[in-house]
Amino acid sequence: MPAETAAGTRWLSILGLGEEGVVGLPPLSRGLVAGAEIVFGGRRHLELAAPLIRGEARPWPSPFDVSGVLAERGRRVVVLASGDPMWHGVGATLLRRMPPAEALVVPAPSAFSLAAARLGWPMEGVVTLSLHGRPIELLRPHLHPGARILALTSDALGPAAIAELLRDGFADTRLTVLEALGGKHERIREGIGPNIAPLNLVALEVVASPGARILPRAPGLPDHFFEHDGQLTKREIRAVTLSALAPRRGALLWDIGAGAGSIGIEWMLADPSLRAIAIEARADRAARLRRNALALGVPGLSVVEDEAPAALAGLEPPDAVFLGGGAGDALDAALAALKPGGRCVANAVTLETEALLLARRATLGGEMLRLAVSRAEPVGGLTGWRAAMPVTQWIWDKPA
């Protein structure tokens, strides 16, 4: 029977199941499976638990959807999941859609924990990633010399795809494939071997070649990391701009007139929880910024290919807004859409746009900066300072 709580009966049990099957389940989990009216799970999970299932076994639909579980509220329901259901698992999906007090979660060792145990890696020093159903380019920000990475893959082809990604600057990285951990078919091999099991995890001990493109942790990536046509917020101005935008966990940025996408990309690199929408009217630039986002490890950057302010209609309201070019109607529309307490940062290089920002500051307040950068460049046979165009920056926080 489901466990009792002060809030009432926990009708749903979400149970971690390892590759060893029911023999690895604790007595509590065994009893919950045997007493369930309905057991949901992948076909592999249902086969592993078949000796205990007395109720109805329901495999997940394709495409995957948990609505069927929620529709059985009040019955004795069990959901089977791999390892720890709350770590990149169905448990997290379900508990975002229902009160946690109605569910009992019993985790098993995760694939990450099993891999760390097999390799002798302390978990606190390991980067853990799920690439299951996700682009492998998510690895890129974590490719730093000496880093240890555990990455779940989607299928038997995943390890080879990761190895191909590493060829560009990280070919000497030690790659270990761990297959079917915890089960009778468990196998651990260094390198890419034949007949890799679909259920696998890749362990990386990163070695960088000279000249490898390593993404710094601080804002202000080198300009040459971006493919661009000159429409790029330069490194020094970009670093100051990102500092002014002050990313906060879970926040959404609108990067209006995104050009090469450098601001939105570096915003997302600051923390995995951050999201950005890049608005760019020109098709060639929109295609270019998509390539930049993929190459720099943030394939989740959303791109709206249209002219602002029309492109802003219907978008999720932002926590922060950046405008790097013209202002006018786009600025007013962005300020209207900005969430209360959100921040707008606008950069101007022309007198006309600067005048618009000065006018907004006169009516709304905010902070105004003038940013000027000079670089040492050849002058004949000598060296002199060449000044870049100064940038006027307006920073405004919308009243809460």
# chains A, B, ... in the order shown; residues from 1 in each chain; ligands from 1
$ select_by_dssp --residues "stretch 81-138 of chain A" --states "alpha helix (DSSP H)" --output "JSON, numbers by chain"
{"A": [90, 91, 92, 93, 94, 95, 111, 112, 113, 114, 115, 116, 117, 118, 119]}
$ write_last_selection --atoms "N, CA and C atoms" --output "short mmCIF file (atom, residue, chain, number, x, y, z; two decimals), in the first residue's frame"
data_model
loop_
_atom_site.label_atom_id
_atom_site.label_comp_id
_atom_site.auth_asym_id
_atom_site.auth_seq_id
_atom_site.Cartn_x
_atom_site.Cartn_y
_atom_site.Cartn_z
N VAL A 90 12.28 10.76 -14.69
CA VAL A 90 10.85 10.98 -14.78
C VAL A 90 10.28 11.51 -13.47
N GLY A 91 10.97 11.23 -12.35
CA GLY A 91 10.48 11.74 -11.07
C GLY A 91 10.41 13.26 -11.07
N ALA A 92 11.47 13.89 -11.59
CA ALA A 92 11.48 15.35 -11.64
C ALA A 92 10.37 15.87 -12.55
N THR A 93 10.14 15.18 -13.67
CA THR A 93 9.07 15.58 -14.60
C THR A 93 7.71 15.52 -13.92
N LEU A 94 7.45 14.43 -13.21
CA LEU A 94 6.14 14.27 -12.58
C LEU A 94 5.92 15.26 -11.44
N LEU A 95 6.95 15.47 -10.61
CA LEU A 95 6.76 16.32 -9.43
C LEU A 95 6.72 17.80 -9.77
N ALA A 111 23.26 6.11 -12.58
CA ALA A 111 24.36 5.71 -13.46
C ALA A 111 25.61 6.52 -13.15
N PHE A 112 25.42 7.80 -12.77
CA PHE A 112 26.57 8.63 -12.42
C PHE A 112 27.28 8.08 -11.19
N SER A 113 26.50 7.71 -10.17
CA SER A 113 27.09 7.19 -8.94
C SER A 113 27.81 5.87 -9.21
N LEU A 114 27.19 5.00 -10.00
CA LEU A 114 27.83 3.73 -10.32
C LEU A 114 29.12 3.93 -11.11
N ALA A 115 29.09 4.87 -12.06
CA ALA A 115 30.28 5.13 -12.87
C ALA A 115 31.41 5.68 -12.00
N ALA A 116 31.08 6.63 -11.13
CA ALA A 116 32.10 7.20 -10.24
C ALA A 116 32.70 6.12 -9.34
N ALA A 117 31.86 5.20 -8.87
CA ALA A 117 32.34 4.12 -8.02
C ALA A 117 33.28 3.18 -8.79
N ARG A 118 32.91 2.88 -10.05
CA ARG A 118 33.76 1.98 -10.84
C ARG A 118 35.10 2.63 -11.17
N LEU A 119 35.09 3.93 -11.42
CA LEU A 119 36.30 4.63 -11.84
C LEU A 119 37.13 5.15 -10.67
#
$ residues_around --residues "A:Arg238" --least-positions-apart "3" --cutoff "10 Å" --atoms "only C-alpha atoms" --output "VMD selection string"
chain A and resid 219 to 221 223 232 to 235 241 to 244 262 to 263 266
$ write_last_selection --atoms "all heavy atoms" --output "CSV table (one decimal), in the first residue's frame"
chain,number,residue,atom,x,y,z
A,219,PRO,N,33.1,36.3,-18.5
A,219,PRO,CA,32.5,36.9,-19.7
A,219,PRO,C,33.6,37.6,-20.5
A,219,PRO,O,34.6,38.1,-20.0
A,219,PRO,CB,31.5,37.9,-19.2
A,219,PRO,CG,31.9,38.2,-17.8
A,219,PRO,CD,32.6,37.0,-17.3
A,220,GLY,N,33.3,37.7,-21.8
A,220,GLY,CA,34.2,38.4,-22.7
A,220,GLY,C,35.1,37.4,-23.5
A,220,GLY,O,36.3,37.4,-23.5
A,221,LEU,N,34.4,36.5,-24.2
A,221,LEU,CA,35.1,35.5,-25.1
A,221,LEU,C,35.9,36.3,-26.2
A,221,LEU,O,35.5,37.3,-26.6
A,221,LEU,CB,34.2,34.5,-25.7
A,221,LEU,CG,33.4,33.6,-24.8
A,221,LEU,CD1,32.5,32.7,-25.7
A,221,LEU,CD2,34.3,32.8,-24.0
A,223,ASP,N,37.0,37.7,-29.6
A,223,ASP,CA,36.1,37.9,-30.8
A,223,ASP,C,36.2,36.9,-31.9
A,223,ASP,O,35.2,36.6,-32.5
A,223,ASP,CB,36.5,39.3,-31.4
A,223,ASP,CG,36.1,40.5,-30.5
A,223,ASP,OD1,35.4,40.3,-29.5
A,223,ASP,OD2,36.6,41.6,-30.7
A,232,LEU,N,29.2,42.7,-34.3
A,232,LEU,CA,29.5,41.9,-33.1
A,232,LEU,C,29.9,42.9,-32.0
A,232,LEU,O,30.6,43.9,-32.2
A,232,LEU,CB,30.8,41.1,-33.4
A,232,LEU,CG,31.4,40.3,-32.2
A,232,LEU,CD1,30.5,39.1,-31.9
A,232,LEU,CD2,32.8,39.8,-32.5
A,233,THR,N,29.3,42.7,-30.8
A,233,THR,CA,29.7,43.5,-29.6
A,233,THR,C,31.1,43.0,-29.2
A,233,THR,O,31.3,41.8,-28.8
A,233,THR,CB,28.7,43.3,-28.5
A,233,THR,OG1,27.4,43.6,-28.9
A,233,THR,CG2,29.1,44.1,-27.3
A,234,LYS,N,32.1,43.9,-29.3
A,234,LYS,CA,33.5,43.5,-29.1
A,234,LYS,C,33.7,43.0,-27.7
A,234,LYS,O,33.0,43.4,-26.8
A,234,LYS,CB,34.4,44.6,-29.5
A,234,LYS,CG,34.3,45.1,-31.0
A,234,LYS,CD,34.6,43.9,-31.9
A,234,LYS,CE,34.7,44.4,-33.4
A,234,LYS,NZ,33.4,44.8,-33.9
A,235,ARG,N,34.8,42.3,-27.5
A,235,ARG,CA,35.0,41.6,-26.3
A,235,ARG,C,35.0,42.5,-25.0
A,235,ARG,O,34.3,42.1,-24.1
A,235,ARG,CB,36.4,40.9,-26.3
A,235,ARG,CG,36.7,40.0,-25.1
A,235,ARG,CD,38.1,39.5,-25.1
A,235,ARG,NE,39.1,40.6,-25.0
A,235,ARG,CZ,40.4,40.4,-25.1
A,235,ARG,NH1,40.9,39.1,-25.2
A,235,ARG,NH2,41.2,41.4,-25.0
A,241,THR,N,29.0,44.8,-20.7
A,241,THR,CA,27.6,44.7,-20.9
A,241,THR,C,27.0,43.5,-20.1
A,241,THR,O,25.9,43.6,-19.5
A,241,THR,CB,27.3,44.5,-22.4
A,241,THR,OG1,27.8,45.7,-23.1
A,241,THR,CG2,25.8,44.4,-22.7
A,242,LEU,N,27.7,42.4,-20.1
A,242,LEU,CA,27.2,41.2,-19.4
A,242,LEU,C,27.2,41.5,-17.9
A,242,LEU,O,26.3,41.0,-17.2
A,242,LEU,CB,28.0,40.0,-19.8
A,242,LEU,CG,27.7,39.4,-21.2
A,242,LEU,CD1,28.8,38.6,-21.7
A,242,LEU,CD2,26.4,38.6,-21.1
A,243,SER,N,28.2,42.2,-17.5
A,243,SER,CA,28.2,42.6,-16.0
A,243,SER,C,27.0,43.5,-15.7
A,243,SER,O,26.4,43.3,-14.7
A,243,SER,CB,29.5,43.3,-15.7
A,243,SER,OG,29.5,43.8,-14.4
A,244,ALA,N,26.7,44.4,-16.6
A,244,ALA,CA,25.6,45.3,-16.4
A,244,ALA,C,24.3,44.5,-16.4
A,244,ALA,O,23.4,44.8,-15.7
A,244,ALA,CB,25.6,46.4,-17.5
A,262,SER,N,26.5,37.2,-29.8
A,262,SER,CA,27.5,37.1,-28.7
A,262,SER,C,26.9,37.3,-27.3
A,262,SER,O,27.3,36.6,-26.4
A,262,SER,CB,28.7,38.0,-29.0
A,262,SER,OG,28.3,39.3,-29.0
A,263,ILE,N,26.0,38.3,-27.2
A,263,ILE,CA,25.5,38.6,-25.9
A,263,ILE,C,24.6,37.5,-25.3
A,263,ILE,O,24.7,37.0,-24.2
A,263,ILE,CB,24.7,40.0,-25.9
A,263,ILE,CG1,25.7,41.1,-26.2
A,263,ILE,CG2,24.0,40.2,-24.5
A,263,ILE,CD1,26.7,41.4,-25.1
A,266,GLU,N,26.8,34.4,-24.5
A,266,GLU,CA,27.6,34.5,-23.2
A,266,GLU,C,26.6,34.5,-22.0
A,266,GLU,O,27.0,34.1,-20.9
A,266,GLU,CB,28.5,35.6,-23.3
A,266,GLU,CG,29.7,35.4,-24.3
A,266,GLU,CD,31.0,36.0,-23.8
A,266,GLU,OE1,31.3,35.9,-22.6
A,266,GLU,OE2,31.6,36.6,-24.6
$ closest_residue --among "A:Leu139, A:Ala387, A:Leu315, A:Ala308" --to "A:Asp332" --atoms "only C-alpha atoms"
A:Ala308
$ closest_residue --among "A:Pro135, A:Gly264, A:Gly125, A:Pro107" --to "A:Ala147" --atoms "only C-alpha atoms"
A:Gly125
$ residues_around --residues "A:Ile279" --least-positions-apart "2" --cutoff "10 Å" --atoms "only C-alpha atoms" --output "mmCIF file with N, CA, C and O atoms, in the first residue's frame"
data_model
loop_
_atom_site.group_PDB
_atom_site.id
_atom_site.type_symbol
_atom_site.label_atom_id
_atom_site.label_comp_id
_atom_site.auth_asym_id
_atom_site.auth_seq_id
_atom_site.Cartn_x
_atom_site.Cartn_y
_atom_site.Cartn_z
ATOM 1 N N TRP A 254 16.119 38.874 -23.604
ATOM 2 C CA TRP A 254 15.866 39.195 -25.006
ATOM 3 C C TRP A 254 17.099 39.923 -25.533
ATOM 4 O O TRP A 254 17.472 40.991 -25.016
ATOM 5 N N ASP A 255 17.756 39.358 -26.561
ATOM 6 C CA ASP A 255 18.890 39.994 -27.227
ATOM 7 C C ASP A 255 18.362 40.525 -28.555
ATOM 8 O O ASP A 255 18.224 39.774 -29.527
ATOM 9 N N ILE A 256 18.038 41.818 -28.598
ATOM 10 C CA ILE A 256 17.343 42.411 -29.745
ATOM 11 C C ILE A 256 18.359 43.004 -30.712
ATOM 12 O O ILE A 256 19.191 43.818 -30.333
ATOM 13 N N GLY A 257 18.247 42.600 -31.982
ATOM 14 C CA GLY A 257 19.255 42.968 -32.959
ATOM 15 C C GLY A 257 20.528 42.204 -32.689
ATOM 16 O O GLY A 257 21.613 42.767 -32.567
ATOM 17 N N ALA A 258 20.413 40.866 -32.612
ATOM 18 C CA ALA A 258 21.454 40.025 -32.013
ATOM 19 C C ALA A 258 22.739 39.953 -32.829
ATOM 20 O O ALA A 258 23.798 39.660 -32.269
ATOM 21 N N GLY A 259 22.680 40.177 -34.139
ATOM 22 C CA GLY A 259 23.893 40.087 -34.946
ATOM 23 C C GLY A 259 24.501 38.707 -34.875
ATOM 24 O O GLY A 259 23.883 37.714 -35.261
ATOM 25 N N GLY A 261 25.094 37.127 -32.179
ATOM 26 C CA GLY A 261 24.527 36.425 -31.027
ATOM 27 C C GLY A 261 25.423 36.369 -29.811
ATOM 28 O O GLY A 261 25.152 35.615 -28.870
ATOM 29 N N GLY A 264 23.678 37.018 -26.182
ATOM 30 C CA GLY A 264 22.802 35.922 -25.776
ATOM 31 C C GLY A 264 23.572 34.649 -25.477
ATOM 32 O O GLY A 264 23.264 33.924 -24.524
ATOM 33 N N ALA A 276 17.853 32.490 -23.339
ATOM 34 C CA ALA A 276 17.918 33.718 -24.135
ATOM 35 C C ALA A 276 17.145 33.526 -25.431
ATOM 36 O O ALA A 276 17.116 32.430 -26.001
ATOM 37 N N ILE A 277 16.533 34.618 -25.876
ATOM 38 C CA ILE A 277 15.899 34.676 -27.189
ATOM 39 C C ILE A 277 16.634 35.746 -27.985
ATOM 40 O O ILE A 277 16.712 36.902 -27.555
ATOM 41 N N ALA A 281 16.719 40.216 -37.661
ATOM 42 C CA ALA A 281 15.890 40.336 -38.861
ATOM 43 C C ALA A 281 16.532 39.699 -40.088
ATOM 44 O O ALA A 281 15.827 39.149 -40.945
ATOM 45 N N ARG A 282 17.851 39.767 -40.212
ATOM 46 C CA ARG A 282 18.513 39.279 -41.415
ATOM 47 C C ARG A 282 18.705 37.773 -41.365
ATOM 48 O O ARG A 282 19.247 37.225 -40.388
ATOM 49 N N ALA A 286 20.950 35.476 -38.803
ATOM 50 C CA ALA A 286 20.256 34.516 -37.938
ATOM 51 C C ALA A 286 20.867 33.124 -38.088
ATOM 52 O O ALA A 286 21.069 32.402 -37.106
ATOM 53 N N SER A 302 17.296 30.350 -28.401
ATOM 54 C CA SER A 302 16.142 30.491 -29.288
ATOM 55 C C SER A 302 16.356 31.679 -30.220
ATOM 56 O O SER A 302 16.806 32.742 -29.785
ATOM 57 N N VAL A 303 16.046 31.506 -31.502
ATOM 58 C CA VAL A 303 16.255 32.552 -32.504
ATOM 59 C C VAL A 303 14.914 32.915 -33.144
ATOM 60 O O VAL A 303 14.196 32.038 -33.625
ATOM 61 N N VAL A 304 14.595 34.205 -33.115
ATOM 62 C CA VAL A 304 13.407 34.718 -33.799
ATOM 63 C C VAL A 304 13.896 35.551 -34.975
ATOM 64 O O VAL A 304 14.570 36.565 -34.792
ATOM 65 N N GLU A 305 13.568 35.106 -36.160
ATOM 66 C CA GLU A 305 14.059 35.756 -37.377
ATOM 67 C C GLU A 305 12.996 36.730 -37.893
ATOM 68 O O GLU A 305 12.148 36.396 -38.701
ATOM 69 N N ASP A 306 13.052 37.956 -37.386
ATOM 70 C CA ASP A 306 12.051 38.962 -37.752
ATOM 71 C C ASP A 306 12.537 40.317 -37.252
ATOM 72 O O ASP A 306 13.467 40.416 -36.455
ATOM 73 N N GLU A 307 11.870 41.359 -37.706
ATOM 74 C CA GLU A 307 12.221 42.722 -37.337
ATOM 75 C C GLU A 307 11.510 43.109 -36.046
ATOM 76 O O GLU A 307 10.319 42.869 -35.884
ATOM 77 N N ALA A 308 12.266 43.697 -35.107
ATOM 78 C CA ALA A 308 11.637 44.258 -33.896
ATOM 79 C C ALA A 308 11.103 45.653 -34.254
ATOM 80 O O ALA A 308 11.672 46.333 -35.113
ATOM 81 N N PRO A 309 9.972 46.066 -33.661
ATOM 82 C CA PRO A 309 9.295 45.449 -32.509
ATOM 83 C C PRO A 309 8.273 44.373 -32.844
ATOM 84 O O PRO A 309 7.775 43.722 -31.933
ATOM 85 N N ALA A 311 8.618 41.495 -34.009
ATOM 86 C CA ALA A 311 9.092 40.171 -33.605
ATOM 87 C C ALA A 311 8.869 39.889 -32.127
ATOM 88 O O ALA A 311 8.889 38.733 -31.703
ATOM 89 N N LEU A 312 8.643 40.928 -31.337
ATOM 90 C CA LEU A 312 8.522 40.748 -29.890
ATOM 91 C C LEU A 312 7.135 40.285 -29.463
ATOM 92 O O LEU A 312 6.961 39.781 -28.353
ATOM 93 N N LEU A 323 19.733 45.742 -26.040
ATOM 94 C CA LEU A 323 19.657 46.301 -27.377
ATOM 95 C C LEU A 323 21.037 46.824 -27.744
ATOM 96 O O LEU A 323 21.583 47.693 -27.057
#
$ select_by_dssp --residues "stretch 259-349 of chain A" --states "strand (DSSP E or B)" --output "short mmCIF file (atom, residue, chain, number, x, y, z; two decimals) with N, CA, C and O atoms, in the first residue's frame"
data_model
loop_
_atom_site.label_atom_id
_atom_site.label_comp_id
_atom_site.auth_asym_id
_atom_site.auth_seq_id
_atom_site.Cartn_x
_atom_site.Cartn_y
_atom_site.Cartn_z
N ARG A 275 18.31 31.38 -19.94
CA ARG A 275 17.76 31.23 -21.29
C ARG A 275 17.85 32.56 -22.02
O ARG A 275 17.90 33.62 -21.39
N ALA A 276 17.85 32.49 -23.34
CA ALA A 276 17.92 33.72 -24.13
C ALA A 276 17.14 33.53 -25.43
O ALA A 276 17.12 32.43 -26.00
N ILE A 277 16.53 34.62 -25.88
CA ILE A 277 15.90 34.68 -27.19
C ILE A 277 16.63 35.75 -27.98
O ILE A 277 16.71 36.90 -27.55
N ALA A 278 17.19 35.35 -29.12
CA ALA A 278 17.90 36.28 -30.00
C ALA A 278 16.97 36.71 -31.12
O ALA A 278 16.42 35.86 -31.82
N ILE A 279 16.78 38.01 -31.26
CA ILE A 279 15.91 38.55 -32.31
C ILE A 279 16.80 39.18 -33.37
O ILE A 279 17.55 40.11 -33.09
N SER A 302 17.30 30.35 -28.40
CA SER A 302 16.14 30.49 -29.29
C SER A 302 16.36 31.68 -30.22
O SER A 302 16.81 32.74 -29.79
N VAL A 303 16.05 31.51 -31.50
CA VAL A 303 16.25 32.55 -32.50
C VAL A 303 14.91 32.92 -33.14
O VAL A 303 14.20 32.04 -33.63
N VAL A 304 14.60 34.21 -33.12
CA VAL A 304 13.41 34.72 -33.80
C VAL A 304 13.90 35.55 -34.97
O VAL A 304 14.57 36.56 -34.79
N ALA A 320 15.41 40.31 -18.54
CA ALA A 320 16.43 41.28 -18.95
C ALA A 320 16.35 41.49 -20.45
O ALA A 320 15.94 40.58 -21.19
N VAL A 321 16.73 42.68 -20.88
CA VAL A 321 16.70 43.03 -22.30
C VAL A 321 18.02 43.69 -22.66
O VAL A 321 18.54 44.52 -21.90
N PHE A 322 18.56 43.31 -23.83
CA PHE A 322 19.73 43.99 -24.36
C PHE A 322 19.44 44.47 -25.77
O PHE A 322 18.93 43.71 -26.59
N LEU A 323 19.73 45.74 -26.04
CA LEU A 323 19.66 46.30 -27.38
C LEU A 323 21.04 46.82 -27.74
O LEU A 323 21.58 47.69 -27.06
N ARG A 343 15.80 44.22 -15.88
CA ARG A 343 16.82 45.21 -16.25
C ARG A 343 16.95 45.31 -17.77
O ARG A 343 16.96 44.30 -18.48
N CYS A 344 17.09 46.54 -18.23
CA CYS A 344 17.37 46.82 -19.64
C CYS A 344 18.76 47.44 -19.75
O CYS A 344 19.11 48.35 -18.97
N VAL A 345 19.54 46.94 -20.70
CA VAL A 345 20.84 47.53 -21.03
C VAL A 345 20.83 47.81 -22.52
O VAL A 345 20.57 46.90 -23.33
N ALA A 346 21.08 49.06 -22.89
CA ALA A 346 21.11 49.46 -24.29
C ALA A 346 22.43 50.14 -24.60
O ALA A 346 22.86 51.02 -23.85
N ASN A 347 23.06 49.73 -25.69
CA ASN A 347 24.32 50.32 -26.13
C ASN A 347 24.10 51.14 -27.39
O ASN A 347 23.36 50.72 -28.28
N ALA A 348 24.73 52.28 -27.47
CA ALA A 348 24.61 53.16 -28.63
C ALA A 348 26.00 53.55 -29.12
O ALA A 348 26.88 53.88 -28.32
#
$ closest_residue --among "A:Leu253, A:Leu152, A:Ala218, A:Val77" --to "A:Leu201" --atoms "only C-alpha atoms"
A:Leu152
